[in-house]
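Content type CSV, N, CA and C atoms, from the file query34.csv:
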chain,number,residue,atom,x,y,z
A,1,MET,N,213.4,47.8,-16.1
A,1,MET,CA,213.7,48.1,-17.5
A,1,MET,C,215.1,47.5,-17.8
A,2,THR,N,215.2,47.0,-19.0
A,2,THR,CA,216.5,46.4,-19.4
A,2,THR,C,217.4,47.6,-19.9
A,3,ASP,N,218.7,47.2,-20.0
A,3,ASP,CA,219.7,48.2,-20.5
A,3,ASP,C,219.3,48.7,-21.9
A,4,LEU,N,218.8,47.8,-22.7
A,4,LEU,CA,218.5,48.1,-24.1
A,4,LEU,C,217.2,49.0,-24.1
A,5,ASP,N,216.2,48.7,-23.3
A,5,ASP,CA,215.1,49.6,-23.2
A,5,ASP,C,215.5,51.0,-22.8
A,6,TYR,N,216.3,51.1,-21.8
A,6,TYR,CA,216.8,52.4,-21.3
A,6,TYR,C,217.5,53.1,-22.4
A,7,LEU,N,218.4,52.5,-23.1
A,7,LEU,CA,219.1,53.2,-24.2
A,7,LEU,C,218.2,53.6,-25.3
A,8,ASP,N,217.2,52.8,-25.7
A,8,ASP,CA,216.3,53.3,-26.7
A,8,ASP,C,215.5,54.5,-26.3
A,9,ARG,N,215.0,54.5,-25.1
A,9,ARG,CA,214.2,55.6,-24.6
A,9,ARG,C,215.1,56.9,-24.3
A,10,ALA,N,216.2,56.7,-23.8
A,10,ALA,CA,217.1,57.8,-23.5
A,10,ALA,C,217.6,58.4,-24.8
A,11,GLU,N,218.0,57.6,-25.8
A,11,GLU,CA,218.4,58.1,-27.1
A,11,GLU,C,217.3,58.9,-27.8
A,12,ALA,N,216.1,58.4,-27.7
A,12,ALA,CA,214.9,59.1,-28.2
A,12,ALA,C,214.7,60.5,-27.6
A,13,ALA,N,215.0,60.6,-26.3
A,13,ALA,CA,214.9,61.8,-25.6
A,13,ALA,C,216.0,62.8,-26.1
A,14,LEU,N,217.2,62.3,-26.2
A,14,LEU,CA,218.3,63.2,-26.7
A,14,LEU,C,218.0,63.6,-28.1
A,15,ARG,N,217.5,62.8,-29.0
A,15,ARG,CA,217.1,63.2,-30.4
A,15,ARG,C,216.0,64.3,-30.3
A,16,ALA,N,215.1,64.1,-29.4
A,16,ALA,CA,214.0,65.1,-29.3
A,16,ALA,C,214.6,66.5,-28.9
A,17,ILE,N,215.5,66.4,-28.0
A,17,ILE,CA,216.2,67.7,-27.5
A,17,ILE,C,216.9,68.3,-28.7
A,18,GLU,N,217.7,67.6,-29.4
A,18,GLU,CA,218.4,68.1,-30.6
A,18,GLU,C,217.4,68.7,-31.6
A,19,ALA,N,216.3,68.0,-31.9
A,19,ALA,CA,215.3,68.5,-32.8
A,19,ALA,C,214.7,69.8,-32.3
A,20,ALA,N,214.4,69.8,-31.0
A,20,ALA,CA,213.8,71.1,-30.4
A,20,ALA,C,214.8,72.2,-30.6
A,21,CYS,N,216.1,72.0,-30.4
A,21,CYS,CA,217.0,73.1,-30.6
A,21,CYS,C,217.0,73.6,-32.1
A,22,ASP,N,216.9,72.7,-33.0
A,22,ASP,CA,216.9,73.0,-34.4
A,22,ASP,C,215.6,73.9,-34.7
A,23,ARG,N,214.5,73.4,-34.1
A,23,ARG,CA,213.2,74.1,-34.3
A,23,ARG,C,213.3,75.5,-33.7
A,24,ILE,N,213.8,75.6,-32.5
A,24,ILE,CA,214.0,76.9,-31.8
A,24,ILE,C,214.8,77.9,-32.6
A,25,ASN,N,215.9,77.4,-33.1
A,25,ASN,CA,216.8,78.2,-33.9
A,25,ASN,C,216.1,78.7,-35.2
A,26,ASP,N,215.3,77.8,-35.8
A,26,ASP,CA,214.6,78.2,-37.0
A,26,ASP,C,213.4,79.1,-36.8
A,27,GLU,N,212.7,79.0,-35.7
A,27,GLU,CA,211.5,79.7,-35.5
A,27,GLU,C,211.6,80.9,-34.6
A,28,THR,N,212.7,81.1,-33.9
A,28,THR,CA,212.9,82.2,-33.0
A,28,THR,C,214.2,83.0,-33.3
A,29,ASP,N,214.4,84.1,-32.6
A,29,ASP,CA,215.7,84.8,-32.8
A,29,ASP,C,216.7,84.3,-31.7
A,30,THR,N,216.3,83.3,-31.0
A,30,THR,CA,217.3,82.7,-30.0
A,30,THR,C,218.2,81.8,-30.7
A,31,ASP,N,219.5,81.9,-30.3
A,31,ASP,CA,220.5,81.0,-30.9
A,31,ASP,C,220.9,80.0,-29.8
A,32,VAL,N,220.5,78.8,-29.9
A,32,VAL,CA,220.8,77.7,-28.9
A,32,VAL,C,221.8,76.8,-29.6
A,33,ASP,N,223.1,76.9,-29.3
A,33,ASP,CA,224.0,76.0,-29.8
A,33,ASP,C,224.0,74.7,-29.1
A,34,ASN,N,223.8,73.6,-29.8
A,34,ASN,CA,223.8,72.3,-29.2
A,34,ASN,C,224.9,71.4,-29.7
A,35,GLN,N,225.7,70.9,-28.8
A,35,GLN,CA,226.8,70.0,-29.2
A,35,GLN,C,226.6,68.7,-28.5
A,36,ARG,N,226.7,67.6,-29.3
A,36,ARG,CA,226.5,66.3,-28.8
A,36,ARG,C,227.8,65.5,-28.8
A,37,THR,N,228.1,64.9,-27.7
A,37,THR,CA,229.3,64.0,-27.6
A,37,THR,C,228.8,62.7,-26.9
A,38,GLY,N,228.6,61.7,-27.7
A,38,GLY,CA,228.2,60.4,-27.1
A,38,GLY,C,226.8,60.6,-26.5
A,39,GLY,N,226.7,60.3,-25.2
A,39,GLY,CA,225.5,60.4,-24.5
A,39,GLY,C,225.3,61.7,-23.7
A,40,MET,N,225.9,62.8,-24.2
A,40,MET,CA,225.8,64.1,-23.6
A,40,MET,C,225.6,65.2,-24.6
A,41,ILE,N,224.6,66.1,-24.3
A,41,ILE,CA,224.4,67.3,-25.1
A,41,ILE,C,224.6,68.5,-24.2
A,42,THR,N,225.4,69.4,-24.8
A,42,THR,CA,225.6,70.7,-24.2
A,42,THR,C,224.9,71.8,-24.9
A,43,LEU,N,224.0,72.5,-24.3
A,43,LEU,CA,223.3,73.6,-24.9
A,43,LEU,C,224.0,74.9,-24.4
A,44,THR,N,224.3,75.7,-25.3
A,44,THR,CA,225.0,77.0,-25.0
A,44,THR,C,224.2,78.1,-25.5
A,45,PHE,N,223.9,79.1,-24.7
A,45,PHE,CA,223.0,80.2,-25.0
A,45,PHE,C,223.9,81.5,-25.3
A,46,ALA,N,223.3,82.5,-25.9
A,46,ALA,CA,224.0,83.7,-26.3
A,46,ALA,C,224.8,84.3,-25.2
A,47,ASN,N,224.3,84.2,-23.9
A,47,ASN,CA,225.0,84.8,-22.8
A,47,ASN,C,226.1,83.8,-22.2
A,48,ARG,N,226.4,82.8,-23.0
A,48,ARG,CA,227.4,81.8,-22.7
A,48,ARG,C,227.1,80.9,-21.6
A,49,SER,N,225.9,81.0,-21.0
A,49,SER,CA,225.5,80.0,-20.0
A,49,SER,C,225.2,78.7,-20.7
A,50,GLN,N,225.2,77.6,-20.0
A,50,GLN,CA,225.1,76.3,-20.5
A,50,GLN,C,224.1,75.4,-19.7
A,51,ILE,N,223.5,74.5,-20.4
A,51,ILE,CA,222.7,73.4,-19.8
A,51,ILE,C,223.4,72.1,-20.3
A,52,ILE,N,223.6,71.2,-19.5
A,52,ILE,CA,224.2,69.9,-19.9
A,52,ILE,C,223.3,68.8,-19.5
A,53,ILE,N,223.0,68.0,-20.6
A,53,ILE,CA,222.1,66.8,-20.4
A,53,ILE,C,222.9,65.6,-20.7
A,54,ASN,N,223.0,64.7,-19.8
A,54,ASN,CA,223.8,63.5,-20.1
A,54,ASN,C,223.1,62.2,-19.5
A,55,LEU,N,223.4,61.1,-20.2
A,55,LEU,CA,222.9,59.8,-19.8
A,55,LEU,C,223.7,59.2,-18.7
A,56,GLN,N,223.0,58.7,-17.7
A,56,GLN,CA,223.7,57.9,-16.6
A,56,GLN,C,223.3,56.5,-16.7
A,57,LYS,N,224.0,55.8,-17.6
A,57,LYS,CA,223.6,54.4,-18.0
A,57,LYS,C,223.5,53.4,-16.8
A,58,PRO,N,224.4,53.4,-15.9
A,58,PRO,CA,224.3,52.5,-14.8
A,58,PRO,C,223.1,52.6,-14.0
A,59,LEU,N,222.6,53.9,-13.9
A,59,LEU,CA,221.4,54.2,-13.0
A,59,LEU,C,220.1,54.2,-13.8
A,60,HIS,N,220.2,54.1,-15.2
A,60,HIS,CA,219.1,54.3,-16.1
A,60,HIS,C,218.4,55.6,-15.9
A,61,GLU,N,219.2,56.7,-15.8
A,61,GLU,CA,218.7,58.0,-15.6
A,61,GLU,C,219.3,59.0,-16.7
A,62,ILE,N,218.6,60.1,-16.8
A,62,ILE,CA,219.1,61.3,-17.5
A,62,ILE,C,219.3,62.4,-16.5
A,63,TRP,N,220.5,63.0,-16.6
A,63,TRP,CA,220.8,64.0,-15.6
A,63,TRP,C,220.9,65.4,-16.4
A,64,VAL,N,220.4,66.4,-15.7
A,64,VAL,CA,220.4,67.8,-16.3
A,64,VAL,C,221.1,68.7,-15.3
A,65,ALA,N,222.1,69.4,-15.8
A,65,ALA,CA,222.7,70.5,-15.0
A,65,ALA,C,222.4,71.8,-15.7
A,66,ALA,N,221.8,72.7,-14.9
A,66,ALA,CA,221.5,74.0,-15.4
A,66,ALA,C,221.8,75.0,-14.3
A,67,ARG,N,221.6,76.3,-14.6
A,67,ARG,CA,221.8,77.3,-13.5
A,67,ARG,C,220.9,77.1,-12.3
A,68,ALA,N,219.7,76.5,-12.6
A,68,ALA,CA,218.7,76.2,-11.5
A,68,ALA,C,219.2,75.1,-10.6
A,69,GLY,N,220.1,74.3,-11.0
A,69,GLY,CA,220.6,73.2,-10.2
A,69,GLY,C,220.8,71.9,-11.0
A,70,GLY,N,221.0,70.8,-10.3
A,70,GLY,CA,221.2,69.5,-11.0
A,70,GLY,C,219.9,68.7,-10.7
A,71,PHE,N,219.5,67.9,-11.8
A,71,PHE,CA,218.3,67.2,-11.7
A,71,PHE,C,218.5,65.8,-12.3
A,72,HIS,N,217.8,64.8,-11.7
A,72,HIS,CA,217.9,63.4,-12.2
A,72,HIS,C,216.5,63.0,-12.6
A,73,TYR,N,216.5,62.3,-13.8
A,73,TYR,CA,215.2,61.9,-14.3
A,73,TYR,C,215.3,60.4,-14.6
A,74,GLU,N,214.2,59.7,-14.2
A,74,GLU,CA,214.0,58.3,-14.5
A,74,GLU,C,212.8,58.1,-15.3
A,75,PHE,N,212.7,57.0,-16.1
A,75,PHE,CA,211.6,56.7,-17.0
A,75,PHE,C,210.5,56.0,-16.2
A,76,VAL,N,209.3,56.7,-16.0
A,76,VAL,CA,208.2,56.2,-15.2
A,76,VAL,C,206.9,56.4,-16.0
A,77,GLU,N,206.2,55.3,-16.3
A,77,GLU,CA,204.9,55.4,-16.9
A,77,GLU,C,205.0,56.2,-18.2
A,78,GLY,N,206.0,56.0,-19.0
A,78,GLY,CA,206.0,56.6,-20.3
A,78,GLY,C,206.6,58.0,-20.4
A,79,GLN,N,207.2,58.5,-19.3
A,79,GLN,CA,207.8,59.8,-19.3
A,79,GLN,C,209.0,59.8,-18.4
A,80,TRP,N,209.9,60.8,-18.7
A,80,TRP,CA,211.1,61.0,-17.9
A,80,TRP,C,210.7,61.9,-16.8
A,81,ARG,N,210.8,61.4,-15.5
A,81,ARG,CA,210.3,62.1,-14.3
A,81,ARG,C,211.4,62.4,-13.4
A,82,ASP,N,211.4,63.6,-12.8
A,82,ASP,CA,212.4,64.0,-11.8
A,82,ASP,C,212.3,63.0,-10.6
A,83,THR,N,213.4,62.5,-10.1
A,83,THR,CA,213.4,61.6,-9.0
A,83,THR,C,213.0,62.2,-7.7
A,84,LYS,N,213.0,63.5,-7.6
A,84,LYS,CA,212.6,64.2,-6.3
A,84,LYS,C,211.2,64.7,-6.3
A,85,ASP,N,210.8,65.4,-7.4
A,85,ASP,CA,209.4,66.0,-7.4
A,85,ASP,C,208.5,65.5,-8.5
A,86,ALA,N,209.0,64.5,-9.3
A,86,ALA,CA,208.2,63.8,-10.3
A,86,ALA,C,207.8,64.8,-11.5
A,87,SER,N,208.5,66.0,-11.6
A,87,SER,CA,208.2,66.8,-12.7
A,87,SER,C,208.8,66.2,-14.0
A,88,GLU,N,208.3,66.6,-15.1
A,88,GLU,CA,208.6,66.0,-16.4
A,88,GLU,C,209.8,66.6,-17.0
A,89,LEU,N,210.7,65.8,-17.6
A,89,LEU,CA,212.0,66.3,-18.2
A,89,LEU,C,211.8,67.5,-19.1
A,90,PHE,N,210.9,67.4,-20.1
A,90,PHE,CA,210.8,68.4,-21.1
A,90,PHE,C,210.2,69.7,-20.6
A,91,ALA,N,209.3,69.6,-19.6
A,91,ALA,CA,208.8,70.8,-19.0
A,91,ALA,C,209.9,71.5,-18.2
A,92,GLY,N,210.7,70.7,-17.5
A,92,GLY,CA,211.8,71.3,-16.7
A,92,GLY,C,212.8,71.9,-17.7
A,93,LEU,N,213.2,71.2,-18.7
A,93,LEU,CA,214.1,71.7,-19.7
A,93,LEU,C,213.6,73.0,-20.3
A,94,SER,N,212.3,73.1,-20.6
A,94,SER,CA,211.8,74.3,-21.2
A,94,SER,C,211.9,75.5,-20.2
A,95,ARG,N,211.6,75.2,-18.9
A,95,ARG,CA,211.8,76.2,-17.8
A,95,ARG,C,213.2,76.7,-17.7
A,96,TYR,N,214.1,75.7,-17.6
A,96,TYR,CA,215.5,76.1,-17.4
A,96,TYR,C,216.1,76.9,-18.6
A,97,ALA,N,215.8,76.4,-19.8
A,97,ALA,CA,216.3,77.0,-21.0
A,97,ALA,C,215.7,78.4,-21.1
A,98,SER,N,214.4,78.6,-20.8
A,98,SER,CA,213.8,79.9,-20.9
A,98,SER,C,214.4,80.9,-19.9
A,99,GLU,N,214.7,80.4,-18.7
A,99,GLU,CA,215.4,81.3,-17.8
A,99,GLU,C,216.8,81.7,-18.3
A,100,GLN,N,217.5,80.8,-18.8
A,100,GLN,CA,218.9,81.1,-19.3
A,100,GLN,C,218.9,81.9,-20.6
A,101,ALA,N,217.9,81.7,-21.4
A,101,ALA,CA,217.9,82.4,-22.7
A,101,ALA,C,217.2,83.8,-22.5
A,102,GLY,N,216.4,84.0,-21.5
A,102,GLY,CA,215.8,85.2,-21.3
A,102,GLY,C,214.5,85.4,-22.1
A,103,GLN,N,214.0,84.3,-22.6
A,103,GLN,CA,212.7,84.3,-23.4
A,103,GLN,C,212.2,82.9,-23.4
A,104,PRO,N,210.8,82.8,-23.6
A,104,PRO,CA,210.2,81.5,-23.6
A,104,PRO,C,210.7,80.6,-24.7
A,105,LEU,N,211.1,79.4,-24.2
A,105,LEU,CA,211.5,78.3,-25.2
A,105,LEU,C,210.8,77.1,-24.8
A,106,VAL,N,210.4,76.3,-25.8
A,106,VAL,CA,209.6,75.1,-25.5
A,106,VAL,C,210.4,73.8,-26.1
A,107,PHE,N,210.6,72.9,-25.2
A,107,PHE,CA,211.1,71.6,-25.5
A,107,PHE,C,210.0,70.6,-25.4
A,108,SER,N,210.0,69.6,-26.3
A,108,SER,CA,209.0,68.6,-26.3
A,108,SER,C,209.5,67.2,-26.5
A,109,ALA,N,208.8,66.2,-26.0
A,109,ALA,CA,209.3,64.8,-26.3
A,109,ALA,C,209.1,64.4,-27.7
A,110,LEU,N,208.3,65.2,-28.4
A,110,LEU,CA,208.1,64.9,-29.9
A,110,LEU,C,209.2,65.5,-30.7
A,111,SER,N,209.8,64.7,-31.5
A,111,SER,CA,211.0,65.1,-32.2
A,111,SER,C,210.7,65.8,-33.5
A,112,SER,N,209.4,65.9,-33.9
A,112,SER,CA,209.1,66.5,-35.2
A,112,SER,C,208.8,68.0,-35.0
Could you rewrite the structure in this file as structure tokens?
Amino acid sequence: MTDLDYLDRAEAALRAIEAACDRINDETDTDVDNQRTGGMITLTFANRSQIIINLQKPLHEIWVAARAGGFHYEFVEGQWRDTKDASELFAGLSRYASEQAGQPLVFSALSS
């Protein structure tokens, strides 16, 4: 994958995460504060725990740091996949955010 392909796909993933936060805040009583600085998004929950999602441009990866641990995702066959267990980014993010928020939250690759 070229650097430009990586950036296009990674930026689309970050936009989808931001859109999911907006949807979650509109449709649930959960307040997920999302702050974006360049290629990094920090999600902060009511209990003040955080999840940090950031781009690792030299490696063409997206990294996620959550209470559950640190995870690296690479783009494989149309999806961001964990480099260790091949789980999908948005499924993992949904699981980590649900654990930290204390209620089910759903993140999706679709930004609408």
Residue neighbourhood Ile62 in chain A, 6.5 Å, all atoms listed in the file, exclusion window fewer than 2 positions, as a PDB file with N, CA and C atoms, in the frame of the given file:
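Listing of selection38.pdb after writing:
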ATOM      1  N   ILE A  53     223.000  68.000 -20.600  1.00  0.00           N
ATOM      2  CA  ILE A  53     222.100  66.800 -20.400  1.00  0.00           C
ATOM      3  C   ILE A  53     222.900  65.600 -20.700  1.00  0.00           C
ATOM      4  N   ASN A  54     223.000  64.700 -19.800  1.00  0.00           N
ATOM      5  CA  ASN A  54     223.800  63.500 -20.100  1.00  0.00           C
ATOM      6  C   ASN A  54     223.100  62.200 -19.500  1.00  0.00           C
ATOM      7  N   LEU A  55     223.400  61.100 -20.200  1.00  0.00           N
ATOM      8  CA  LEU A  55     222.900  59.800 -19.800  1.00  0.00           C
ATOM      9  C   LEU A  55     223.700  59.200 -18.700  1.00  0.00           C
ATOM     10  N   GLN A  56     223.000  58.700 -17.700  1.00  0.00           N
ATOM     11  CA  GLN A  56     223.700  57.900 -16.600  1.00  0.00           C
ATOM     12  C   GLN A  56     223.300  56.500 -16.700  1.00  0.00           C
ATOM     13  N   HIS A  60     220.200  54.100 -15.200  1.00  0.00           N
ATOM     14  CA  HIS A  60     219.100  54.300 -16.100  1.00  0.00           C
ATOM     15  C   HIS A  60     218.400  55.600 -15.900  1.00  0.00           C
ATOM     16  N   VAL A  64     220.400  66.400 -15.700  1.00  0.00           N
ATOM     17  CA  VAL A  64     220.400  67.800 -16.300  1.00  0.00           C
ATOM     18  C   VAL A  64     221.100  68.700 -15.300  1.00  0.00           C
ATOM     19  N   PHE A  71     219.500  67.900 -11.800  1.00  0.00           N
ATOM     20  CA  PHE A  71     218.300  67.200 -11.700  1.00  0.00           C
ATOM     21  C   PHE A  71     218.500  65.800 -12.300  1.00  0.00           C
ATOM     22  N   HIS A  72     217.800  64.800 -11.700  1.00  0.00           N
ATOM     23  CA  HIS A  72     217.900  63.400 -12.200  1.00  0.00           C
ATOM     24  C   HIS A  72     216.500  63.000 -12.600  1.00  0.00           C
ATOM     25  N   TYR A  73     216.500  62.300 -13.800  1.00  0.00           N
ATOM     26  CA  TYR A  73     215.200  61.900 -14.300  1.00  0.00           C
ATOM     27  C   TYR A  73     215.300  60.400 -14.600  1.00  0.00           C
ATOM     28  N   GLU A  74     214.200  59.700 -14.200  1.00  0.00           N
ATOM     29  CA  GLU A  74     214.000  58.300 -14.500  1.00  0.00           C
ATOM     30  C   GLU A  74     212.800  58.100 -15.300  1.00  0.00           C
TER      31      GLU A  74
END
Point to revise | Spatial neighbours of Ser108 in chain A, max dist 12 Å, only C-alpha atoms, sep filter under 6 positions, as a count of residues only | key: 22
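Take the candidates A:Thr28, A:Ser98, A:Ser87, A:Gln50 and check each one against Ala65 in chain A using all atoms listed in the file; the shortest distance goes to A:Gln50.
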**Study point:** Residues of range 3-79 of chain A in strand (DSSP E or B), written as a ChimeraX atom specification
**Key:** /A:33-37,40-44,50-56,61-66,69-76,79
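Of the residues listed (A:Gln100, A:Thr83, A:Lys57, A:Ala109), A:Lys57 shows the shortest atom-to-atom separation from Leu7 in chain A; distances use all atoms listed in the file.
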Exercise for review: From a DSSP pass on the backbone, collect the residues of chain A flagged as helix (DSSP H, G or I) and hand them back as a VMD selection string.
Suggested key: chain A and resid 3 to 27 57 to 59 89 to 101
Check your understanding: How many Å separate CA of Arg9 in chain A from CA of Phe75 in chain A?
Key -> 8.1 Å
Review point. At what distance in Å, to one decimal, does atom N of Trp63 in chain A lie from atom C of Asp82 in chain A?
Key: 10.2 Å
Review point. In Å to one decimal, how far is atom N of Glu61 in chain A from atom N of Asp5 in chain A?
Key: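 Atom N of Glu61 in chain A lies 11.4 Å from atom N of Asp5 in chain A.
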Review point. Can you tell me, as a PyMOL selection string, what residues are no more than 8 Å from Ala101 in chain A when counting all atoms listed in the file, ignoring any on the same chain fewer than 3 positions away?
Key: chain A and resi 30-31+45-47+49+95-98+104-105
Study note, to complete from the structure: In terms of only C-alpha atoms, the residue from A:Lys84, A:Asp3, A:Asn25, A:Asn34 at minimal distance from Gly70 in chain A is A:Lys84
Check your understanding: Which is closer to Glu11 in chain A than all the others in A:Val106, A:Glu99, A:Val32, A:Gly39, using all atoms listed in the file?
Key ->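 Of A:Val106, A:Glu99, A:Val32, A:Gly39, the one nearest Glu11 in chain A, counting all atoms listed in the file, is A:Gly39.
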